[in-house]
Amino acid sequence: MTLPALDTSEISFLGYWNALDHSTEDSIDPTEVLNNGSVDAHNVYENGVEGLFSFGFSRATSRTVNFRVKDDGWFVAWLDTSGEFDTHVPKDGDLHGPYDYLGDWSYPGSVDPSKSLLAETIRNLYTELSNSGTITFNSSDVAHFNYEYPNATGITVVHSKQTESSQQEDVTPTDSTTVHRAYFAGSAKDGASGVNWDPNNQGLDLCGNGEMFGVPADDTTYFTNPLESGVTSTFAVNADGYESEDAAGDLLVLWS
């Protein structure tokens with residue numbers, strides 16, 4: 001039995017990359033990726049494998065990424081459409097969603113805008129191939145698509161981290177740009193003032209019950225917030241640290 005067609009109705013972000021396009025080899029053995037210790041449940045098919053990859057976060061519970069590897073060289077990793085929005089939880093809370101595309105946003109400053117969680121999943125899997133030494137992997141070669149917003153042609157990540165004082169990072173879509181969706185995720189360490197963002201000049205403070213200085217003692221707050229499509233004004237991501245305690249915010253924008 002070969003791999004069945006993907007049910008794209010349950011997929012948000014998807015990343016894809018072909019190992020043979022970046023190799024001197026002409027074949028791979030997909031079953032070799034199952035040797036990775038982070039692979040959970042999996043199935044083996046005539047033309048490839050499908051499974052779940054457990055990706056650990058610093059202060060949130062692990063995120064499960066779906067993946068496929070085929071004998072024609074294709075690696076595919078994706079996130080489902082489930083998630084929590086407009087909420088915040090204490091440290092070690094279970095808060096996940098499509099914004100996990102960012103990677104480990106649960107710890108201030110851990111996000112690398114050049115590497116998605118999906119690209120990192122593919123990187124971890126391909127290294128298990130016995131001929132991985134003949135393959136060149138770069139995160140920038142992993143293409144991405146979002147099935148919930150199929151008309152989006154671009155993805156932008158805005159990252160802001162600060163320790164002692166407030167820092168703001170802006171991105172302003174041009175008049176010809178359509179914003180299809182924006183996700184926000186942020187975290188503040190114990191004692192940090194917090195993080196907010198400013199979609200369409202609304203000035204949303206998303207720290208400790210909506211109070212900019214409301215982070216509870218001995219606590220870490222996570223917050224996420226969606227943005228309606230069609231907003232074309234400036235996004236501002238603000239991180240406000242205090243007394244060497246970090247705060248960070250990340251904005252993920254789908255646009256065309």
# chains A, B, ... in the order shown; residues from 1 in each chain; ligands from 1
$ closest_atom_pairs --of "region 14-100 of chain A" --to "region 147-159 of chain A" --cutoff "12 Å" --atoms "only C-alpha atoms" --output "Markdown table"
| residue | atom | partner | partner_atom | distance |
| --- | --- | --- | --- | --- |
| A:Leu14 | CA | A:Tyr147 | CA | 7.8 |
| A:Gly15 | CA | A:Tyr147 | CA | 11.1 |
| A:Trp78 | CA | A:Tyr147 | CA | 10.2 |
| A:Leu79 | CA | A:Tyr147 | CA | 10.3 |
| A:Asp80 | CA | A:Tyr147 | CA | 9.9 |
| A:Thr81 | CA | A:Glu148 | CA | 8.0 |
| A:Ser82 | CA | A:Glu148 | CA | 11.5 |
| A:Pro98 | CA | A:Glu148 | CA | 10.2 |
| A:Tyr99 | CA | A:Val157 | CA | 10.4 |
$ select_by_dssp --residues "region 7-70 of chain A" --states "strand (DSSP E or B)" --output "ChimeraX atom specification"
/A:11-18,23,39-45,48-55,63-70
$ select_by_dssp --residues "region 43-143 of chain A" --states "helix (DSSP H, G or I)" --output "list in words"
Pro98, Tyr99, Asp100, Tyr101, Leu102, Leu117, Leu118, Ala119, Glu120, Thr121, Ile122, Arg123, Asn124, Leu125, Tyr126, Ser132, Gly133, Thr134, Ser139, Ser140 and Asp141 of chain A
$ atom_distance --atom1 "CA of Ala248 (chain A)" --atom2 "CA of Thr121 (chain A)"
23.1 Å
$ atom_distance --atom1 "CA of Leu52 (chain A)" --atom2 "CA of Val39 (chain A)"
5.8 Å
$ closest_residue --among "A:Asp250, A:Asp100, A:Asp29, A:Asp175" --to "Ser130 (chain A)" --atoms "only C-alpha atoms"
A:Asp29
$ residues_around --residues "Val49 (chain A)" --least-positions-apart "6" --cutoff "10 Å" --atoms "only C-alpha atoms" --output "list in words"
Thr2, Leu3, Asp29, Pro30, Thr31, Glu32, Val33, Leu34, His42, Asn43, Phe67, Arg68, Val69, Lys70, Asp71 and Phe75 of chain A
$ closest_residue --among "A:Met1, A:Ala185, A:Ala119, A:Val142" --to "Ser160 (chain A)" --atoms "only C-alpha atoms"
A:Ala185
$ atom_distance --atom1 "CA of Ser110 (chain A)" --atom2 "CA of Ser187 (chain A)"
10.3 Å
$ closest_residue --among "A:Leu102, A:Leu6, A:Val111, A:Leu129" --to "Tyr183 (chain A)" --atoms "only C-alpha atoms"
A:Leu102
$ closest_residue --among "A:Asn35, A:Ser106, A:Ser27, A:Ser9" --to "Asp72 (chain A)" --atoms "only C-alpha atoms"
A:Ser27
$ closest_residue --among "A:Asn36, A:Ser12, A:Glu84, A:Gly48" --to "Arg123 (chain A)" --atoms "only C-alpha atoms"
A:Asn36
$ residues_around --residues "Asp26 (chain A)" --least-positions-apart "5" --cutoff "12 Å" --atoms "only C-alpha atoms" --output "list in words"
Asn18, Ala19, Leu20, Asp21, Asp71, Asp72, Gly73, Asn131, Thr134 and Ile135 of chain A
$ closest_residue --among "A:Ser139, A:Thr174, A:Asn66, A:Thr8" --to "Ala41 (chain A)" --atoms "only C-alpha atoms"
A:Asn66
